[in-house]
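Trainee: Data: query.txt, compact mmCIF, N, CA and C atoms.
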# COMPACT_ATOMS: atom_id res chain seq x y z
N MET P 1 -33.05 18.81 -127.12
CA MET P 1 -32.61 18.60 -128.49
C MET P 1 -31.16 19.04 -128.63
N ASP P 2 -30.34 18.25 -129.31
CA ASP P 2 -28.95 18.60 -129.53
C ASP P 2 -28.87 19.81 -130.45
N SER P 3 -27.85 20.62 -130.25
CA SER P 3 -27.69 21.80 -131.10
C SER P 3 -27.43 21.40 -132.55
N GLU P 4 -26.82 20.23 -132.76
CA GLU P 4 -26.55 19.79 -134.14
C GLU P 4 -27.83 19.36 -134.85
N ASP P 5 -28.92 19.09 -134.12
CA ASP P 5 -30.19 18.72 -134.73
C ASP P 5 -31.00 19.94 -135.17
N ARG P 6 -30.62 21.11 -134.73
CA ARG P 6 -31.38 22.32 -135.08
C ARG P 6 -30.99 22.81 -136.46
N SER P 7 -32.00 23.09 -137.25
CA SER P 7 -31.77 23.56 -138.60
C SER P 7 -31.61 25.08 -138.63
N PRO P 8 -30.65 25.57 -139.37
CA PRO P 8 -30.51 27.03 -139.49
C PRO P 8 -31.59 27.61 -140.43
N PHE P 9 -32.41 26.75 -141.01
CA PHE P 9 -33.40 27.20 -141.99
C PHE P 9 -34.79 27.38 -141.40
N GLY P 10 -34.94 27.16 -140.10
CA GLY P 10 -36.23 27.36 -139.46
C GLY P 10 -37.15 26.16 -139.51
N TYR P 11 -36.70 25.04 -140.04
CA TYR P 11 -37.49 23.82 -140.08
C TYR P 11 -36.85 22.78 -139.16
N ASP P 12 -37.67 21.89 -138.65
CA ASP P 12 -37.18 20.84 -137.77
C ASP P 12 -37.87 19.54 -138.16
N ALA P 13 -37.20 18.73 -138.93
CA ALA P 13 -37.78 17.49 -139.47
C ALA P 13 -38.18 16.50 -138.38
N PHE P 14 -37.68 16.69 -137.17
CA PHE P 14 -38.05 15.80 -136.08
C PHE P 14 -39.42 16.12 -135.51
N ARG P 15 -39.95 17.28 -135.83
CA ARG P 15 -41.28 17.67 -135.37
C ARG P 15 -42.31 17.17 -136.37
N ARG P 16 -43.33 16.50 -135.89
CA ARG P 16 -44.30 15.86 -136.80
C ARG P 16 -45.09 16.84 -137.65
N THR P 17 -45.21 18.08 -137.22
CA THR P 17 -45.98 19.06 -137.98
C THR P 17 -45.12 19.87 -138.95
N CYS P 18 -43.85 19.57 -139.01
CA CYS P 18 -42.94 20.34 -139.87
C CYS P 18 -43.19 20.05 -141.35
N PRO P 19 -43.30 21.10 -142.16
CA PRO P 19 -43.51 20.89 -143.60
C PRO P 19 -42.40 20.10 -144.29
N SER P 20 -41.23 20.04 -143.67
CA SER P 20 -40.13 19.29 -144.29
C SER P 20 -40.44 17.79 -144.34
N HIS P 21 -41.42 17.34 -143.56
CA HIS P 21 -41.81 15.92 -143.61
C HIS P 21 -42.26 15.52 -145.01
N THR P 22 -43.00 16.39 -145.68
CA THR P 22 -43.47 16.03 -147.03
C THR P 22 -42.31 15.91 -148.00
N VAL P 23 -41.27 16.71 -147.80
CA VAL P 23 -40.08 16.61 -148.64
C VAL P 23 -39.38 15.28 -148.38
N LEU P 24 -39.24 14.92 -147.11
CA LEU P 24 -38.60 13.65 -146.77
C LEU P 24 -39.40 12.47 -147.30
N GLU P 25 -40.71 12.54 -147.24
CA GLU P 25 -41.54 11.46 -147.78
C GLU P 25 -41.32 11.30 -149.28
N MET P 26 -41.25 12.41 -149.99
CA MET P 26 -41.01 12.36 -151.43
C MET P 26 -39.64 11.73 -151.71
N LEU P 27 -38.63 12.16 -150.95
CA LEU P 27 -37.27 11.65 -151.17
C LEU P 27 -37.12 10.19 -150.80
N ALA P 28 -38.00 9.67 -149.96
CA ALA P 28 -37.92 8.28 -149.52
C ALA P 28 -38.36 7.29 -150.59
N SER P 29 -38.93 7.78 -151.67
CA SER P 29 -39.38 6.90 -152.75
C SER P 29 -38.17 6.38 -153.54
N LYS P 30 -38.09 5.08 -153.68
CA LYS P 30 -37.01 4.47 -154.47
C LYS P 30 -37.01 5.01 -155.89
N TRP P 31 -38.18 5.19 -156.47
CA TRP P 31 -38.25 5.63 -157.87
C TRP P 31 -37.88 7.10 -158.02
N VAL P 32 -38.23 7.93 -157.05
CA VAL P 32 -37.79 9.33 -157.08
C VAL P 32 -36.26 9.35 -157.04
N TYR P 33 -35.72 8.60 -156.12
CA TYR P 33 -34.28 8.53 -155.95
C TYR P 33 -33.57 8.11 -157.25
N LEU P 34 -34.03 7.00 -157.82
CA LEU P 34 -33.38 6.47 -159.01
C LEU P 34 -33.60 7.36 -160.24
N THR P 35 -34.77 7.98 -160.33
CA THR P 35 -35.04 8.87 -161.47
C THR P 35 -34.14 10.09 -161.43
N VAL P 36 -33.98 10.68 -160.26
CA VAL P 36 -33.08 11.83 -160.12
C VAL P 36 -31.65 11.42 -160.48
N CYS P 37 -31.21 10.28 -159.99
CA CYS P 37 -29.85 9.81 -160.32
C CYS P 37 -29.70 9.55 -161.82
N ALA P 38 -30.73 9.00 -162.45
CA ALA P 38 -30.68 8.72 -163.89
C ALA P 38 -30.59 10.00 -164.71
N LEU P 39 -31.23 11.05 -164.25
CA LEU P 39 -31.23 12.32 -164.99
C LEU P 39 -30.01 13.18 -164.70
N ARG P 40 -29.16 12.72 -163.83
CA ARG P 40 -28.00 13.52 -163.42
C ARG P 40 -27.08 13.86 -164.60
N ARG P 41 -26.97 12.96 -165.55
CA ARG P 41 -26.05 13.17 -166.67
C ARG P 41 -26.65 13.97 -167.82
N GLY P 42 -27.95 14.27 -167.74
CA GLY P 42 -28.54 15.09 -168.80
C GLY P 42 -29.95 14.67 -169.16
N ARG P 43 -30.47 15.31 -170.20
CA ARG P 43 -31.85 15.10 -170.65
C ARG P 43 -32.09 13.67 -171.11
N LEU P 44 -33.28 13.18 -170.78
CA LEU P 44 -33.69 11.86 -171.26
C LEU P 44 -35.17 11.91 -171.64
N ARG P 45 -35.51 11.08 -172.60
CA ARG P 45 -36.91 10.92 -172.98
C ARG P 45 -37.52 9.84 -172.09
N ASN P 46 -38.84 9.79 -172.08
CA ASN P 46 -39.57 8.85 -171.24
C ASN P 46 -39.10 7.42 -171.48
N GLY P 47 -38.99 7.01 -172.72
CA GLY P 47 -38.56 5.64 -173.05
C GLY P 47 -37.15 5.35 -172.58
N GLU P 48 -36.28 6.33 -172.68
CA GLU P 48 -34.90 6.16 -172.21
C GLU P 48 -34.87 5.96 -170.69
N LEU P 49 -35.69 6.75 -170.00
CA LEU P 49 -35.78 6.59 -168.54
C LEU P 49 -36.34 5.22 -168.19
N ALA P 50 -37.37 4.80 -168.90
CA ALA P 50 -38.00 3.50 -168.62
C ALA P 50 -36.99 2.37 -168.79
N ARG P 51 -36.14 2.45 -169.81
CA ARG P 51 -35.12 1.41 -170.02
C ARG P 51 -34.05 1.46 -168.93
N LYS P 52 -33.68 2.65 -168.51
CA LYS P 52 -32.64 2.81 -167.48
C LYS P 52 -33.14 2.31 -166.13
N LEU P 53 -34.41 2.57 -165.82
CA LEU P 53 -34.98 2.22 -164.51
C LEU P 53 -35.67 0.87 -164.59
N GLU P 54 -34.89 -0.18 -164.62
CA GLU P 54 -35.46 -1.52 -164.76
C GLU P 54 -36.48 -1.80 -163.67
N GLY P 55 -37.65 -2.27 -164.10
CA GLY P 55 -38.69 -2.66 -163.15
C GLY P 55 -39.74 -1.59 -162.89
N ILE P 56 -39.51 -0.37 -163.34
CA ILE P 56 -40.52 0.67 -163.12
C ILE P 56 -41.65 0.49 -164.14
N THR P 57 -42.87 0.63 -163.67
CA THR P 57 -44.02 0.52 -164.58
C THR P 57 -44.23 1.88 -165.25
N PRO P 58 -44.87 1.89 -166.41
CA PRO P 58 -45.15 3.18 -167.06
C PRO P 58 -45.94 4.13 -166.15
N LYS P 59 -46.90 3.58 -165.42
CA LYS P 59 -47.70 4.41 -164.51
C LYS P 59 -46.84 5.02 -163.41
N MET P 60 -45.96 4.22 -162.81
CA MET P 60 -45.09 4.72 -161.74
C MET P 60 -44.10 5.76 -162.28
N LEU P 61 -43.59 5.55 -163.48
CA LEU P 61 -42.67 6.52 -164.06
C LEU P 61 -43.39 7.85 -164.28
N THR P 62 -44.59 7.80 -164.80
CA THR P 62 -45.38 9.03 -165.01
C THR P 62 -45.64 9.74 -163.69
N GLN P 63 -46.05 8.98 -162.68
CA GLN P 63 -46.32 9.58 -161.36
C GLN P 63 -45.06 10.20 -160.77
N THR P 64 -43.96 9.50 -160.88
CA THR P 64 -42.70 9.98 -160.33
C THR P 64 -42.26 11.27 -161.02
N LEU P 65 -42.34 11.30 -162.35
CA LEU P 65 -41.94 12.49 -163.09
C LEU P 65 -42.85 13.67 -162.75
N ARG P 66 -44.14 13.42 -162.55
CA ARG P 66 -45.06 14.50 -162.17
C ARG P 66 -44.71 15.08 -160.80
N VAL P 67 -44.38 14.19 -159.85
CA VAL P 67 -43.99 14.65 -158.51
C VAL P 67 -42.72 15.49 -158.60
N LEU P 68 -41.74 15.01 -159.34
CA LEU P 68 -40.47 15.73 -159.46
C LEU P 68 -40.65 17.08 -160.16
N GLU P 69 -41.53 17.11 -161.15
CA GLU P 69 -41.81 18.38 -161.84
C GLU P 69 -42.55 19.33 -160.90
N ARG P 70 -43.54 18.83 -160.20
CA ARG P 70 -44.30 19.63 -159.24
C ARG P 70 -43.40 20.26 -158.19
N ASP P 71 -42.43 19.50 -157.72
CA ASP P 71 -41.55 19.96 -156.65
C ASP P 71 -40.35 20.77 -157.15
N GLY P 72 -40.30 21.04 -158.44
CA GLY P 72 -39.25 21.89 -158.99
C GLY P 72 -37.91 21.22 -159.17
N LEU P 73 -37.90 19.90 -159.20
CA LEU P 73 -36.64 19.16 -159.36
C LEU P 73 -36.37 18.76 -160.81
N VAL P 74 -37.45 18.65 -161.59
CA VAL P 74 -37.35 18.22 -162.98
C VAL P 74 -38.09 19.22 -163.87
N ARG P 75 -37.51 19.47 -165.03
CA ARG P 75 -38.14 20.31 -166.05
C ARG P 75 -38.56 19.39 -167.20
N ARG P 76 -39.78 19.58 -167.64
CA ARG P 76 -40.35 18.79 -168.74
C ARG P 76 -40.47 19.69 -169.95
N GLU P 77 -39.94 19.24 -171.08
CA GLU P 77 -40.05 20.03 -172.31
C GLU P 77 -40.73 19.20 -173.38
N VAL P 78 -41.79 19.77 -173.95
CA VAL P 78 -42.54 19.12 -175.01
C VAL P 78 -42.17 19.80 -176.33
N PHE P 79 -41.78 19.00 -177.31
CA PHE P 79 -41.41 19.52 -178.62
C PHE P 79 -42.60 19.36 -179.56
N PRO P 80 -42.96 20.41 -180.30
CA PRO P 80 -44.14 20.37 -181.17
C PRO P 80 -43.89 19.63 -182.48
N VAL P 81 -43.71 18.34 -182.36
CA VAL P 81 -43.52 17.49 -183.54
C VAL P 81 -44.54 16.36 -183.46
N ILE P 82 -44.69 15.66 -184.55
CA ILE P 82 -45.62 14.52 -184.57
C ILE P 82 -44.80 13.26 -184.83
N PRO P 83 -44.87 12.27 -183.94
CA PRO P 83 -45.55 12.30 -182.65
C PRO P 83 -44.82 13.23 -181.68
N PRO P 84 -45.54 13.71 -180.66
CA PRO P 84 -44.91 14.64 -179.70
C PRO P 84 -43.69 14.01 -179.03
N ARG P 85 -42.68 14.81 -178.85
CA ARG P 85 -41.47 14.36 -178.16
C ARG P 85 -41.37 15.11 -176.84
N VAL P 86 -41.15 14.38 -175.77
CA VAL P 86 -41.04 14.98 -174.43
C VAL P 86 -39.70 14.57 -173.84
N GLU P 87 -39.00 15.55 -173.30
CA GLU P 87 -37.72 15.28 -172.64
C GLU P 87 -37.76 15.84 -171.23
N TYR P 88 -37.00 15.18 -170.36
CA TYR P 88 -36.93 15.57 -168.95
C TYR P 88 -35.49 15.85 -168.59
N GLU P 89 -35.30 16.88 -167.77
CA GLU P 89 -33.96 17.18 -167.26
C GLU P 89 -34.09 17.76 -165.86
N LEU P 90 -33.02 17.65 -165.11
CA LEU P 90 -33.01 18.19 -163.76
C LEU P 90 -32.89 19.71 -163.80
N THR P 91 -33.59 20.37 -162.89
CA THR P 91 -33.41 21.79 -162.68
C THR P 91 -32.14 21.98 -161.85
N GLU P 92 -31.79 23.21 -161.55
CA GLU P 92 -30.63 23.46 -160.70
C GLU P 92 -30.84 22.83 -159.32
N LEU P 93 -32.05 22.94 -158.80
CA LEU P 93 -32.38 22.31 -157.52
C LEU P 93 -32.24 20.79 -157.61
N GLY P 94 -32.69 20.21 -158.70
CA GLY P 94 -32.57 18.77 -158.92
C GLY P 94 -31.12 18.33 -159.03
N GLN P 95 -30.30 19.13 -159.70
CA GLN P 95 -28.87 18.81 -159.81
C GLN P 95 -28.22 18.83 -158.44
N ASN P 96 -28.61 19.79 -157.62
CA ASN P 96 -28.09 19.88 -156.26
C ASN P 96 -28.42 18.62 -155.48
N LEU P 97 -29.66 18.18 -155.57
CA LEU P 97 -30.09 16.95 -154.90
C LEU P 97 -29.38 15.73 -155.47
N ALA P 98 -29.21 15.68 -156.78
CA ALA P 98 -28.59 14.52 -157.43
C ALA P 98 -27.19 14.25 -156.91
N GLY P 99 -26.44 15.30 -156.59
CA GLY P 99 -25.10 15.11 -156.05
C GLY P 99 -25.14 14.34 -154.74
N LEU P 100 -26.08 14.71 -153.87
CA LEU P 100 -26.21 14.01 -152.59
C LEU P 100 -26.66 12.57 -152.80
N LEU P 101 -27.66 12.39 -153.65
CA LEU P 101 -28.19 11.04 -153.87
C LEU P 101 -27.15 10.13 -154.52
N ASN P 102 -26.33 10.68 -155.37
CA ASN P 102 -25.28 9.88 -156.01
C ASN P 102 -24.28 9.38 -154.97
N GLN P 103 -23.98 10.20 -153.97
CA GLN P 103 -23.08 9.77 -152.90
C GLN P 103 -23.70 8.61 -152.12
N ILE P 104 -25.00 8.69 -151.85
CA ILE P 104 -25.68 7.61 -151.13
C ILE P 104 -25.70 6.34 -151.99
N ARG P 105 -25.95 6.50 -153.29
CA ARG P 105 -25.96 5.33 -154.18
C ARG P 105 -24.58 4.67 -154.20
N SER P 106 -23.53 5.47 -154.28
CA SER P 106 -22.17 4.92 -154.27
C SER P 106 -21.89 4.19 -152.97
N TRP P 107 -22.33 4.79 -151.84
CA TRP P 107 -22.14 4.15 -150.54
C TRP P 107 -22.85 2.80 -150.53
N ALA P 108 -24.08 2.76 -151.02
CA ALA P 108 -24.86 1.52 -151.03
C ALA P 108 -24.18 0.45 -151.88
N GLU P 109 -23.68 0.85 -153.05
CA GLU P 109 -23.01 -0.12 -153.92
C GLU P 109 -21.72 -0.64 -153.28
N GLU P 110 -20.98 0.24 -152.62
CA GLU P 110 -19.72 -0.14 -151.98
C GLU P 110 -19.94 -1.09 -150.81
N HIS P 111 -21.01 -0.84 -150.03
CA HIS P 111 -21.21 -1.59 -148.79
C HIS P 111 -22.25 -2.71 -148.89
N THR P 112 -22.74 -2.98 -150.09
CA THR P 112 -23.72 -4.06 -150.26
C THR P 112 -23.19 -5.40 -149.76
N PRO P 113 -21.95 -5.79 -150.05
CA PRO P 113 -21.47 -7.09 -149.54
C PRO P 113 -21.53 -7.18 -148.01
N GLU P 114 -21.15 -6.11 -147.31
CA GLU P 114 -21.18 -6.13 -145.85
C GLU P 114 -22.61 -6.26 -145.33
N ILE P 115 -23.52 -5.55 -145.96
CA ILE P 115 -24.92 -5.60 -145.53
C ILE P 115 -25.53 -6.97 -145.83
N LYS P 116 -25.19 -7.52 -146.99
CA LYS P 116 -25.68 -8.87 -147.31
C LYS P 116 -25.17 -9.88 -146.29
N ASP P 117 -23.90 -9.78 -145.91
CA ASP P 117 -23.33 -10.69 -144.90
C ASP P 117 -24.04 -10.52 -143.56
N ALA P 118 -24.30 -9.27 -143.16
CA ALA P 118 -24.99 -9.01 -141.90
C ALA P 118 -26.39 -9.61 -141.92
N ARG P 119 -27.06 -9.53 -143.05
CA ARG P 119 -28.40 -10.10 -143.18
C ARG P 119 -28.37 -11.63 -143.05
N VAL P 120 -27.35 -12.24 -143.65
CA VAL P 120 -27.21 -13.70 -143.54
C VAL P 120 -26.99 -14.09 -142.09
N ARG P 121 -26.10 -13.36 -141.40
CA ARG P 121 -25.83 -13.65 -139.97
C ARG P 121 -27.10 -13.46 -139.14
N ALA P 122 -27.83 -12.40 -139.38
CA ALA P 122 -29.06 -12.13 -138.63
C ALA P 122 -30.10 -13.21 -138.90
N SER P 123 -30.17 -13.65 -140.13
CA SER P 123 -31.12 -14.70 -140.49
C SER P 123 -30.76 -16.01 -139.79
N ALA P 124 -29.46 -16.31 -139.71
CA ALA P 124 -29.01 -17.54 -139.05
C ALA P 124 -29.32 -17.46 -137.56
N VAL P 125 -29.09 -16.33 -136.93
CA VAL P 125 -29.37 -16.16 -135.51
C VAL P 125 -30.87 -16.28 -135.29
N HIS P 126 -31.66 -15.68 -136.13
CA HIS P 126 -33.11 -15.75 -136.00
C HIS P 126 -33.57 -17.20 -136.15
N GLY P 127 -32.98 -17.93 -137.09
CA GLY P 127 -33.32 -19.33 -137.28
C GLY P 127 -32.97 -20.19 -136.07
N GLU P 128 -31.81 -19.91 -135.45
CA GLU P 128 -31.40 -20.64 -134.25
C GLU P 128 -32.35 -20.35 -133.08
N MET P 129 -32.79 -19.11 -132.97
CA MET P 129 -33.71 -18.74 -131.89
C MET P 129 -35.06 -19.39 -132.10
N ALA P 130 -35.51 -19.49 -133.33
CA ALA P 130 -36.81 -20.14 -133.62
C ALA P 130 -36.74 -21.63 -133.32
N ALA P 131 -35.59 -22.24 -133.63
CA ALA P 131 -35.43 -23.68 -133.39
C ALA P 131 -35.37 -23.98 -131.89
N ALA P 132 -34.81 -23.05 -131.12
CA ALA P 132 -34.70 -23.24 -129.67
C ALA P 132 -36.03 -23.06 -128.95
N SER P 133 -36.97 -22.42 -129.58
CA SER P 133 -38.27 -22.15 -128.93
C SER P 133 -39.13 -23.37 -128.82
With the file now loaded, output its structure as structure tokens.
Mentor:
Amino acid sequence: MDSEDRSPFGYDAFRRTCPSHTVLEMLASKWVYLTVCALRRGRLRNGELARKLEGITPKMLTQTLRVLERDGLVRREVFPVIPPRVEYELTELGQNLAGLLNQIRSWAEEHTPEIKDARVRASAVHGEMAAAS
């Protein structure tokens, strides 16, 4: 193993039994990623999040928020009014993660044209190989 692959924190994500795998699995969710990025600028209500995250179902939004709250990335506050008002915001840990995820989102937005072009080229090559068979 390369020395740069060793974690100073005592975890090794390359080992299948490492507890950090569950963290990576959670972070691999598109909706976790987008929800954390959406909350980066401040508190939002459920409906505001649903409008910001186009395509998310109410069930998936609820599940995502529960996972983020469970893992200490999101704080949920219920206001004692009728009807009840619930707001979500990132914890300090969530804000720390949001900075990293925002950099990845920016990279993806910047390099989407190059990736789309590569996909078109790969599709054309695959099509030529299928025709030659």
Trainee: If you measure from atom N of Glu48 of chain P to atom C of Glu110 of chain P, what distance in Å do you get, rounded to one decimal?
Mentor: 28.3 Å
Trainee: With segment 101-107 of chain P as the partner and 8 Å as the cut-off, tabulate the residues of segment 19-94 of chain P that qualify, each row holding the nearest pair of atoms and their distance in Å to one decimal, using only N, CA and C atoms, sorted by chain and rising number, as JSON lines.
Mentor:
{"residue": "P:Tyr33", "atom": "CA", "partner": "P:Leu101", "partner_atom": "CA", "distance": 6.9}
{"residue": "P:Val36", "atom": "C", "partner": "P:Asn102", "partner_atom": "N", "distance": 7.4}
{"residue": "P:Cys37", "atom": "CA", "partner": "P:Asn102", "partner_atom": "N", "distance": 6.1}
Trainee: Quick one: pick out all helix (DSSP H, G or I) residues within segment 28-64 of chain P from a backbone DSSP run and write them as a list in words.
Mentor: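 The helix (DSSP H, G or I) subset of segment 28-64 of chain P is Lys30, Trp31, Val32, Tyr33, Leu34, Thr35, Val36, Cys37, Ala38, Leu39, Arg40, Arg41, Asn46, Gly47, Glu48, Leu49, Ala50, Arg51, Lys52, Pro58, Lys59, Met60, Leu61, Thr62, Gln63 and Thr64 of chain P.
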Trainee: Using atom CA of Pro83 of chain P and atom CA of Arg70 of chain P as the two end points, give the distance in Å to one decimal.
Mentor: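 Computing the Euclidean distance for atom CA of Pro83 of chain P and atom CA of Arg70 of chain P yields 24.6 Å.
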Trainee: Within chain P, find each residue whose DSSP state, derived from the backbone, is strand (DSSP E or B), and express the selection as a PyMOL selection string.
Mentor: chain P and resi 44-45+74-79+85-90
Trainee: Filtering to N, CA and C atoms, could you give me those residues as a PDB file, in the frame of the given file?
Mentor:
ATOM      1  N   LEU P  44     -33.280  13.180-170.780  1.00  0.00           N
ATOM      2  CA  LEU P  44     -33.690  11.860-171.260  1.00  0.00           C
ATOM      3  C   LEU P  44     -35.170  11.910-171.640  1.00  0.00           C
ATOM      4  N   ARG P  45     -35.510  11.080-172.600  1.00  0.00           N
ATOM      5  CA  ARG P  45     -36.910  10.920-172.980  1.00  0.00           C
ATOM      6  C   ARG P  45     -37.520   9.840-172.090  1.00  0.00           C
ATOM      7  N   VAL P  74     -37.450  18.650-161.590  1.00  0.00           N
ATOM      8  CA  VAL P  74     -37.350  18.220-162.980  1.00  0.00           C
ATOM      9  C   VAL P  74     -38.090  19.220-163.870  1.00  0.00           C
ATOM     10  N   ARG P  75     -37.510  19.470-165.030  1.00  0.00           N
ATOM     11  CA  ARG P  75     -38.140  20.310-166.050  1.00  0.00           C
ATOM     12  C   ARG P  75     -38.560  19.390-167.200  1.00  0.00           C
ATOM     13  N   ARG P  76     -39.780  19.580-167.640  1.00  0.00           N
ATOM     14  CA  ARG P  76     -40.350  18.790-168.740  1.00  0.00           C
ATOM     15  C   ARG P  76     -40.470  19.690-169.950  1.00  0.00           C
ATOM     16  N   GLU P  77     -39.940  19.240-171.080  1.00  0.00           N
ATOM     17  CA  GLU P  77     -40.050  20.030-172.310  1.00  0.00           C
ATOM     18  C   GLU P  77     -40.730  19.200-173.380  1.00  0.00           C
ATOM     19  N   VAL P  78     -41.790  19.770-173.950  1.00  0.00           N
ATOM     20  CA  VAL P  78     -42.540  19.120-175.010  1.00  0.00           C
ATOM     21  C   VAL P  78     -42.170  19.800-176.330  1.00  0.00           C
ATOM     22  N   PHE P  79     -41.780  19.000-177.310  1.00  0.00           N
ATOM     23  CA  PHE P  79     -41.410  19.520-178.620  1.00  0.00           C
ATOM     24  C   PHE P  79     -42.600  19.360-179.560  1.00  0.00           C
ATOM     25  N   ARG P  85     -42.680  14.810-178.850  1.00  0.00           N
ATOM     26  CA  ARG P  85     -41.470  14.360-178.160  1.00  0.00           C
ATOM     27  C   ARG P  85     -41.370  15.110-176.840  1.00  0.00           C
ATOM     28  N   VAL P  86     -41.150  14.380-175.770  1.00  0.00           N
ATOM     29  CA  VAL P  86     -41.040  14.980-174.430  1.00  0.00           C
ATOM     30  C   VAL P  86     -39.700  14.570-173.840  1.00  0.00           C
ATOM     31  N   GLU P  87     -39.000  15.550-173.300  1.00  0.00           N
ATOM     32  CA  GLU P  87     -37.720  15.280-172.640  1.00  0.00           C
ATOM     33  C   GLU P  87     -37.760  15.840-171.230  1.00  0.00           C
ATOM     34  N   TYR P  88     -37.000  15.180-170.360  1.00  0.00           N
ATOM     35  CA  TYR P  88     -36.930  15.570-168.950  1.00  0.00           C
ATOM     36  C   TYR P  88     -35.490  15.850-168.590  1.00  0.00           C
ATOM     37  N   GLU P  89     -35.300  16.880-167.770  1.00  0.00           N
ATOM     38  CA  GLU P  89     -33.960  17.180-167.260  1.00  0.00           C
ATOM     39  C   GLU P  89     -34.090  17.760-165.860  1.00  0.00           C
ATOM     40  N   LEU P  90     -33.020  17.650-165.110  1.00  0.00           N
ATOM     41  CA  LEU P  90     -33.010  18.190-163.760  1.00  0.00           C
ATOM     42  C   LEU P  90     -32.890  19.710-163.800  1.00  0.00           C
TER      43      LEU P  90
END
Trainee: Write out as a tab-separated table (two decimals) with N, CA and C atoms, in the coordinates of the input the residues lying within 12 Å of segment 18-26 of chain P, counting only C-alpha atoms and excluding same-chain residues fewer than 4 positions away.
Mentor:
chain	number	residue	atom	x	y	z
P	7	SER	N	-32.00	23.09	-137.25
P	7	SER	CA	-31.77	23.56	-138.60
P	7	SER	C	-31.61	25.08	-138.63
P	9	PHE	N	-32.41	26.75	-141.01
P	9	PHE	CA	-33.40	27.20	-141.99
P	9	PHE	C	-34.79	27.38	-141.40
P	10	GLY	N	-34.94	27.16	-140.10
P	10	GLY	CA	-36.23	27.36	-139.46
P	10	GLY	C	-37.15	26.16	-139.51
P	11	TYR	N	-36.70	25.04	-140.04
P	11	TYR	CA	-37.49	23.82	-140.08
P	11	TYR	C	-36.85	22.78	-139.16
P	12	ASP	N	-37.67	21.89	-138.65
P	12	ASP	CA	-37.18	20.84	-137.77
P	12	ASP	C	-37.87	19.54	-138.16
P	13	ALA	N	-37.20	18.73	-138.93
P	13	ALA	CA	-37.78	17.49	-139.47
P	13	ALA	C	-38.18	16.50	-138.38
P	14	PHE	N	-37.68	16.69	-137.17
P	14	PHE	CA	-38.05	15.80	-136.08
P	14	PHE	C	-39.42	16.12	-135.51
P	30	LYS	N	-38.09	5.08	-153.68
P	30	LYS	CA	-37.01	4.47	-154.47
P	30	LYS	C	-37.01	5.01	-155.89
P	31	TRP	N	-38.18	5.19	-156.47
P	31	TRP	CA	-38.25	5.63	-157.87
P	31	TRP	C	-37.88	7.10	-158.02
P	32	VAL	N	-38.23	7.93	-157.05
P	32	VAL	CA	-37.79	9.33	-157.08
P	32	VAL	C	-36.26	9.35	-157.04
P	33	TYR	N	-35.72	8.60	-156.12
P	33	TYR	CA	-34.28	8.53	-155.95
P	33	TYR	C	-33.57	8.11	-157.25
P	36	VAL	N	-33.98	10.68	-160.26
P	36	VAL	CA	-33.08	11.83	-160.12
P	36	VAL	C	-31.65	11.42	-160.48
P	63	GLN	N	-46.05	8.98	-162.68
P	63	GLN	CA	-46.32	9.58	-161.36
P	63	GLN	C	-45.06	10.20	-160.77
P	64	THR	N	-43.96	9.50	-160.88
P	64	THR	CA	-42.70	9.98	-160.33
P	64	THR	C	-42.26	11.27	-161.02
P	65	LEU	N	-42.34	11.30	-162.35
P	65	LEU	CA	-41.94	12.49	-163.09
P	65	LEU	C	-42.85	13.67	-162.75
P	66	ARG	N	-44.14	13.42	-162.55
P	66	ARG	CA	-45.06	14.50	-162.17
P	66	ARG	C	-44.71	15.08	-160.80
P	67	VAL	N	-44.38	14.19	-159.85
P	67	VAL	CA	-43.99	14.65	-158.51
P	67	VAL	C	-42.72	15.49	-158.60
P	68	LEU	N	-41.74	15.01	-159.34
P	68	LEU	CA	-40.47	15.73	-159.46
P	68	LEU	C	-40.65	17.08	-160.16
P	70	ARG	N	-43.54	18.83	-160.20
P	70	ARG	CA	-44.30	19.63	-159.24
P	70	ARG	C	-43.40	20.26	-158.19
P	71	ASP	N	-42.43	19.50	-157.72
P	71	ASP	CA	-41.55	19.96	-156.65
P	71	ASP	C	-40.35	20.77	-157.15
P	72	GLY	N	-40.30	21.04	-158.44
P	72	GLY	CA	-39.25	21.89	-158.99
P	72	GLY	C	-37.91	21.22	-159.17
P	73	LEU	N	-37.90	19.90	-159.20
P	73	LEU	CA	-36.64	19.16	-159.36
P	73	LEU	C	-36.37	18.76	-160.81
P	97	LEU	N	-29.66	18.18	-155.57
P	97	LEU	CA	-30.09	16.95	-154.90
P	97	LEU	C	-29.38	15.73	-155.47
Trainee: Would you mind telling me which residue in P:Gly94, P:His126, P:Thr112, P:Val86 lies nearest to Asn46 of chain P when using only N, CA and C atoms?
Mentor: P:Val86
Trainee: How many Å separate atom CA of Thr57 of chain P from atom CA of Arg85 of chain P?
Mentor: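 Straight-line distance from atom CA of Thr57 of chain P to atom CA of Arg85 of chain P works out to 19.6 Å.
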Trainee: Provide an axis-aligned box for all listed atoms of segment 81-89 of chain P, padding each side by 4 Å; report its centre and its edge lengths in Å to one decimal, as JSON.
Mentor:
{"center_x": -39.8, "center_y": 15.3, "center_z": -175.3, "size_x": 19.7, "size_y": 14.1, "size_z": 27.0}
Trainee: Of the residues P:Leu27, P:Tyr88, P:Thr17, P:Glu69, which is the one nearest to Arg45 of chain P, using all atoms listed in the file?
Mentor: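 Checking each of P:Leu27, P:Tyr88, P:Thr17, P:Glu69 against Arg45 of chain P, counting all atoms listed in the file, the winner is P:Tyr88.
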Trainee: Identify, on the basis of all atoms listed in the file, every residue whose closest approach to Thr91 of chain P does not exceed 5 Å; exclude the query and any residue fewer than 2 positions from it along the same chain; express the result as an MDAnalysis selection string.
Mentor: chainID P and resid 73:75 89 93:95
